[in-house]
Amino acid sequence: MFAVFPSSLLLPKVAASGIVRDDVSGDPIAGVRVSSGTLAATTPADGTFGLARVGLAEVLLIETDGYLPTRVGVFPPRQLRVALAPRTFGLTVRDAETGEPISDASVTTPARASAAVRAQAISSGRFHIGPARRQMALTVEADGYTDASLA
């Protein structure tokens, strides 16, 4: 007689730990949910996480607002280093009458923002914004124009 068991019962359980960083800046990310089955942890300000007793064949789901989710295998056991790619979008600041990009425009985020949102100028009046988070706010300014807030 043969017995068949799920591989999760046959493989040993190990601790899975590591750090989650922003793929662009390299900074640790707080508030990331790291999960496997019913186990879950949320990273503190230093981006670290730890899950006890994860099966060697399991895969961790790593996700947070503003970043593309990713999956990481537990095998081989090691200190995991996860880089999350930010969700981004392009923004062009244009003159309402001419439709031309405004060369001296600037885009900023509130200083109180809990997680840094980067507004990188890529050309005249054009910006690359990320990580794009829910409820983020931006301020657009340019000399000779009325400031605008976007939320």
# chains A, B, ... in the order shown; residues from 1 in each chain; ligands from 1

call {"tool": "residues_around", "arguments": {"residues": "range 124-135 of chain A", "least_positions_apart": "5", "cutoff": "6 Å", "atoms": "only C-alpha atoms", "output": "list in words"}}
result
Asp65, Gly66, Pro86, Arg87, Thr88, Phe89, Gly90, Leu91, Thr92, Val93, Pro101, Ile102, Ser103, Ala105, Val117, Arg118 and Ala119 of chain A

call {"tool": "select_by_dssp", "arguments": {"residues": "chain A", "states": "alpha helix (DSSP H)", "output": "PDB file with C-alpha atoms, in the first residue's frame"}}
result
ATOM      1  CA  SER A   7       4.612  18.063  -0.344  1.00  0.00           C
ATOM      2  CA  SER A   8       3.868  20.739   2.273  1.00  0.00           C
ATOM      3  CA  LEU A   9       3.667  17.975   4.891  1.00  0.00           C
ATOM      4  CA  LEU A  10       6.870  16.268   3.773  1.00  0.00           C
TER       5      LEU A  10
END

call {"tool": "residues_around", "arguments": {"residues": "Asp22 in chain A", "least_positions_apart": "5", "cutoff": "10 Å", "atoms": "only C-alpha atoms", "output": "list in words"}}
result
Asp27, Pro28, Ile29, Gly47, Tyr67, Val82, Ala83, Leu84, Ala85, Pro86 and Pro131 of chain A

call {"tool": "write_last_selection", "arguments": {"atoms": "C-alpha atoms", "output": "PDB file, in the first residue's frame"}}
result
ATOM      1  CA  ASP A  27      15.507  52.799   0.592  1.00  0.00           C
ATOM      2  CA  PRO A  28      13.709  50.345   2.917  1.00  0.00           C
ATOM      3  CA  ILE A  29       9.911  50.367   2.535  1.00  0.00           C
ATOM      4  CA  GLY A  47      11.804  47.322   5.782  1.00  0.00           C
ATOM      5  CA  TYR A  67       4.531  49.266  -5.892  1.00  0.00           C
ATOM      6  CA  VAL A  82      13.470  42.035  -2.185  1.00  0.00           C
ATOM      7  CA  ALA A  83      13.395  45.096  -4.467  1.00  0.00           C
ATOM      8  CA  LEU A  84       9.902  46.345  -5.291  1.00  0.00           C
ATOM      9  CA  ALA A  85       9.434  48.323  -8.508  1.00  0.00           C
ATOM     10  CA  PRO A  86       7.365  51.480  -7.981  1.00  0.00           C
ATOM     11  CA  PRO A 131       5.639  55.476  -6.500  1.00  0.00           C
TER      12      PRO A 131
END

call {"tool": "residues_around", "arguments": {"residues": "Leu61 in chain A", "least_positions_apart": "3", "cutoff": "6 Å", "atoms": "only C-alpha atoms", "output": "ChimeraX atom specification"}}
result
/A:34-35,71

call {"tool": "write_last_selection", "arguments": {"atoms": "N, CA and C atoms", "output": "PDB file, in the first residue's frame"}}
result
ATOM      1  N   VAL A  34       3.970  40.989   3.666  1.00  0.00           N
ATOM      2  CA  VAL A  34       4.666  39.785   3.208  1.00  0.00           C
ATOM      3  C   VAL A  34       3.842  38.610   3.704  1.00  0.00           C
ATOM      4  N   SER A  35       3.370  37.762   2.776  1.00  0.00           N
ATOM      5  CA  SER A  35       2.487  36.680   3.193  1.00  0.00           C
ATOM      6  C   SER A  35       2.777  35.376   2.462  1.00  0.00           C
ATOM      7  N   ARG A  71       6.595  38.019  -6.200  1.00  0.00           N
ATOM      8  CA  ARG A  71       6.623  36.739  -5.483  1.00  0.00           C
ATOM      9  C   ARG A  71       8.069  36.280  -5.397  1.00  0.00           C
TER      10      ARG A  71
END

call {"tool": "select_by_dssp", "arguments": {"residues": "range 31-141 of chain A", "states": "strand (DSSP E or B)", "output": "ChimeraX atom specification"}}
result
/A:33-36,39-42,48-55,59-63,67,70-73,79-84,86,89-92,94,101,106-108,118-123,126-130,138-141

call {"tool": "atom_distance", "arguments": {"atom1": "CA of Ser36 in chain A", "atom2": "CA of Val59 in chain A"}}
result
6.4 Å

call {"tool": "closest_residue", "arguments": {"among": "A:Arg33, A:Val72, A:Thr109, A:Val14", "to": "Leu56 in chain A", "atoms": "only C-alpha atoms"}}
result
A:Val14
